[in-house]
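Shown next: protein_29.pdb, containing PDB, C-alpha atoms.
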```
ATOM      1  CA  MET A 121      37.461 -35.389 -52.418  1.00  0.00           C
ATOM      2  CA  THR A 122      36.911 -38.672 -54.202  1.00  0.00           C
ATOM      3  CA  LEU A 123      37.494 -39.034 -57.931  1.00  0.00           C
ATOM      4  CA  LEU A 124      33.744 -39.298 -58.594  1.00  0.00           C
ATOM      5  CA  LYS A 125      33.150 -35.980 -56.819  1.00  0.00           C
ATOM      6  CA  ARG A 126      35.954 -34.311 -58.762  1.00  0.00           C
ATOM      7  CA  ILE A 127      34.443 -35.470 -62.036  1.00  0.00           C
ATOM      8  CA  MET A 128      30.851 -34.529 -61.147  1.00  0.00           C
ATOM      9  CA  TRP A 129      31.480 -31.310 -59.210  1.00  0.00           C
ATOM     10  CA  PRO A 130      30.024 -28.359 -61.183  1.00  0.00           C
ATOM     11  CA  ARG A 131      32.397 -25.520 -62.001  1.00  0.00           C
ATOM     12  CA  ALA A 132      31.483 -21.938 -62.878  1.00  0.00           C
ATOM     13  CA  GLY A 133      30.733 -21.574 -66.585  1.00  0.00           C
ATOM     14  CA  GLU A 134      29.586 -25.155 -67.172  1.00  0.00           C
ATOM     15  CA  GLU A 135      26.170 -26.233 -68.421  1.00  0.00           C
ATOM     16  CA  VAL A 136      24.812 -28.969 -66.160  1.00  0.00           C
ATOM     17  CA  THR A 137      21.794 -31.085 -65.376  1.00  0.00           C
ATOM     18  CA  ILE A 138      21.499 -32.211 -61.777  1.00  0.00           C
ATOM     19  CA  LEU A 139      19.349 -35.255 -61.208  1.00  0.00           C
ATOM     20  CA  GLN A 140      18.049 -36.142 -57.773  1.00  0.00           C
ATOM     21  CA  HIS A 141      16.629 -39.651 -57.372  1.00  0.00           C
ATOM     22  CA  GLY A 142      16.579 -39.961 -61.179  1.00  0.00           C
ATOM     23  CA  LYS A 143      14.503 -36.811 -61.799  1.00  0.00           C
ATOM     24  CA  ILE A 144      15.708 -33.425 -63.009  1.00  0.00           C
ATOM     25  CA  PHE A 145      16.334 -31.209 -59.993  1.00  0.00           C
ATOM     26  CA  VAL A 146      17.876 -28.269 -61.859  1.00  0.00           C
ATOM     27  CA  GLU A 147      19.286 -27.628 -65.306  1.00  0.00           C
ATOM     28  CA  GLY A 148      21.251 -24.624 -66.488  1.00  0.00           C
ATOM     29  CA  HIS A 149      24.443 -22.579 -66.368  1.00  0.00           C
ATOM     30  CA  VAL A 150      26.653 -22.679 -63.252  1.00  0.00           C
ATOM     31  CA  ILE A 151      27.190 -19.065 -62.189  1.00  0.00           C
ATOM     32  CA  TYR A 152      28.889 -19.807 -58.847  1.00  0.00           C
ATOM     33  CA  SER A 153      30.742 -22.822 -57.492  1.00  0.00           C
ATOM     34  CA  GLY A 154      32.379 -22.498 -54.109  1.00  0.00           C
ATOM     35  CA  ASP A 155      33.154 -24.380 -50.943  1.00  0.00           C
ATOM     36  CA  ASP A 156      29.767 -23.445 -49.481  1.00  0.00           C
ATOM     37  CA  SER A 157      27.304 -23.752 -52.375  1.00  0.00           C
ATOM     38  CA  ILE A 158      26.697 -24.024 -56.100  1.00  0.00           C
ATOM     39  CA  THR A 159      24.326 -21.611 -57.875  1.00  0.00           C
ATOM     40  CA  ILE A 160      22.787 -22.457 -61.232  1.00  0.00           C
ATOM     41  CA  LEU A 161      20.969 -20.063 -63.543  1.00  0.00           C
ATOM     42  CA  GLY A 162      18.127 -22.020 -65.113  1.00  0.00           C
ATOM     43  CA  ARG A 163      15.399 -21.288 -67.609  1.00  0.00           C
ATOM     44  CA  ASP A 164      13.473 -18.035 -67.305  1.00  0.00           C
ATOM     45  CA  ALA A 165      16.363 -16.567 -65.274  1.00  0.00           C
ATOM     46  CA  ILE A 166      15.440 -18.594 -62.199  1.00  0.00           C
ATOM     47  CA  THR A 167      18.385 -19.460 -59.962  1.00  0.00           C
ATOM     48  CA  ALA A 168      18.763 -22.542 -57.801  1.00  0.00           C
ATOM     49  CA  THR A 169      21.325 -22.937 -55.038  1.00  0.00           C
ATOM     50  CA  VAL A 170      22.528 -26.299 -53.791  1.00  0.00           C
ATOM     51  CA  THR A 171      24.650 -26.427 -50.655  1.00  0.00           C
ATOM     52  CA  ALA A 172      28.030 -28.073 -51.014  1.00  0.00           C
ATOM     53  CA  LYS A 173      27.125 -30.511 -48.213  1.00  0.00           C
ATOM     54  CA  GLU A 174      23.867 -31.533 -49.913  1.00  0.00           C
ATOM     55  CA  LEU A 175      25.658 -32.044 -53.231  1.00  0.00           C
ATOM     56  CA  SER A 176      28.581 -33.902 -51.640  1.00  0.00           C
ATOM     57  CA  ASP A 177      26.331 -36.207 -49.594  1.00  0.00           C
ATOM     58  CA  GLY A 178      24.093 -36.860 -52.614  1.00  0.00           C
ATOM     59  CA  ILE A 179      27.024 -37.800 -54.842  1.00  0.00           C
ATOM     60  CA  ASP A 180      28.369 -40.089 -52.103  1.00  0.00           C
ATOM     61  CA  ASP A 181      25.088 -41.968 -51.621  1.00  0.00           C
ATOM     62  CA  GLY A 182      24.151 -41.955 -55.317  1.00  0.00           C
ATOM     63  CA  SER A 183      20.965 -39.913 -54.902  1.00  0.00           C
ATOM     64  CA  ILE A 184      22.435 -37.009 -56.918  1.00  0.00           C
ATOM     65  CA  VAL A 185      24.032 -37.257 -60.354  1.00  0.00           C
ATOM     66  CA  VAL A 186      25.568 -34.272 -62.145  1.00  0.00           C
ATOM     67  CA  LYS A 187      25.629 -34.465 -65.929  1.00  0.00           C
ATOM     68  CA  LYS A 188      27.730 -31.920 -67.768  1.00  0.00           C
ATOM     69  CA  LYS A 189      27.000 -30.792 -71.284  1.00  0.00           C
ATOM     70  CA  PRO A 190      29.871 -30.570 -73.766  1.00  0.00           C
ATOM     71  CA  ALA A 191      31.459 -27.158 -74.300  1.00  0.00           C
ATOM     72  CA  GLY A 192      29.702 -25.197 -77.003  1.00  0.00           C
ATOM     73  CA  TRP A 193      26.407 -27.044 -76.541  1.00  0.00           C
ATOM     74  CA  THR A 194      23.439 -24.788 -77.315  1.00  0.00           C
ATOM     75  CA  GLY A 195      20.585 -27.230 -76.964  1.00  0.00           C
ATOM     76  CA  GLN A 196      19.644 -26.864 -80.616  1.00  0.00           C
ATOM     77  CA  ASP A 197      20.604 -28.692 -83.784  1.00  0.00           C
ATOM     78  CA  LYS A 198      22.771 -26.757 -86.208  1.00  0.00           C
ATOM     79  CA  HIS A 199      20.899 -27.002 -89.507  1.00  0.00           C
TER      80      HIS A 199
END
```

Is it possible to express this structure as structure tokens?
Amino acid sequence: MTLLKRIMWPRAGEEVTILQHGKIFVEGHVIYSGDDSITILGRDAITATVTAKELSDGIDDGSIVVKKKPAGWTGQDKH
């Protein structure tokens, strides 16, 4: 696995946004990350599954970008 894949690869428990061709594909909490697929729990309890091959190929060709949110991020300002 290349360094870029290691950095971008979603791990269970992380909050991520996955962009495909520059547009949000899925955003939410990673509930499963394995050798076969990655499952993300998004808004309104909707899950999305991305195959490991699709994610790997997309990272390689630049069509998929995985952005991770910092730990403790809630999506709201603390005022």

In Å, rounded to a single decimal, give me how far CA of Asp180 (chain A) is from CA of Ile166 (chain A).
->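 Between CA of Ile166 (chain A) and CA of Asp180 (chain A) the gap is 27.0 Å.
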
Applying 9 Å and all atoms listed in the file, which residues near Asp156 (chain A) remain after dropping the ones on its own chain fewer than 6 positions away? List them as a short mmCIF file (atom, residue, chain, number, x, y, z; two decimals) with C-alpha atoms, in the coordinates of the input.
```cif
data_model
loop_
_atom_site.label_atom_id
_atom_site.label_comp_id
_atom_site.auth_asym_id
_atom_site.auth_seq_id
_atom_site.Cartn_x
_atom_site.Cartn_y
_atom_site.Cartn_z
CA VAL A 170 22.53 -26.30 -53.79
CA THR A 171 24.65 -26.43 -50.66
CA ALA A 172 28.03 -28.07 -51.01
CA LYS A 173 27.12 -30.51 -48.21
#
```

Quick one: everything within 10 Å of Val185 (chain A), counting all atoms listed in the file, minus sequence neighbours fewer than 2 positions away in the same chain. Send it as a list in words.
-> Lys125, Met128, Trp129, Thr137, Ile138, Leu139, Gln140, His141, Gly142, Lys143, Ile144, Phe145, Leu175, Gly178, Ile179, Asp180, Asp181, Gly182, Ser183, Lys187 and Lys188 of chain A

Find the spatial neighbours of Pro130 (chain A), counting all atoms listed in the file, within a cut-off of 8 Å - ignore same-chain residues fewer than 5 positions away - and output them as a list in words.
-> Val136, Val150, Ser153, Ile158, Val186 and Lys188 of chain A

Go ahead and compute the interatomic distance for CA of Ser176 (chain A) and CA of Leu124 (chain A), in Å to one decimal.
->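 Spanning CA of Ser176 (chain A) to CA of Leu124 (chain A) is a straight-line distance of 10.2 Å.
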
Padding 6 Å on every side, please: axis-aligned box over the listed atoms of region 154-159 of chain A, centre and edge lengths to one decimal in Å, as AutoDock Vina command-line options.
```
--center_x 28.7 --center_y -23.0 --center_z -53.7 --size_x 20.8 --size_y 14.8 --size_z 20.4
```

Give me the result of the PyMOL selection byres ((chain A and resi 152) around 10) on this file, residue by residue, as a PyMOL selection string.
-> chain A and resi 130-134+149-151+153-154+157-161+169

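The spacing separating CA of Lys189 (chain A) from CA of Glu147 (chain A) amounts to 10.3 Å.
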
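Take the candidates A:Glu135, A:Ala165, A:Glu174, A:Arg126 and check each one against Pro190 (chain A) using all atoms listed in the file; the shortest distance goes to A:Glu135.
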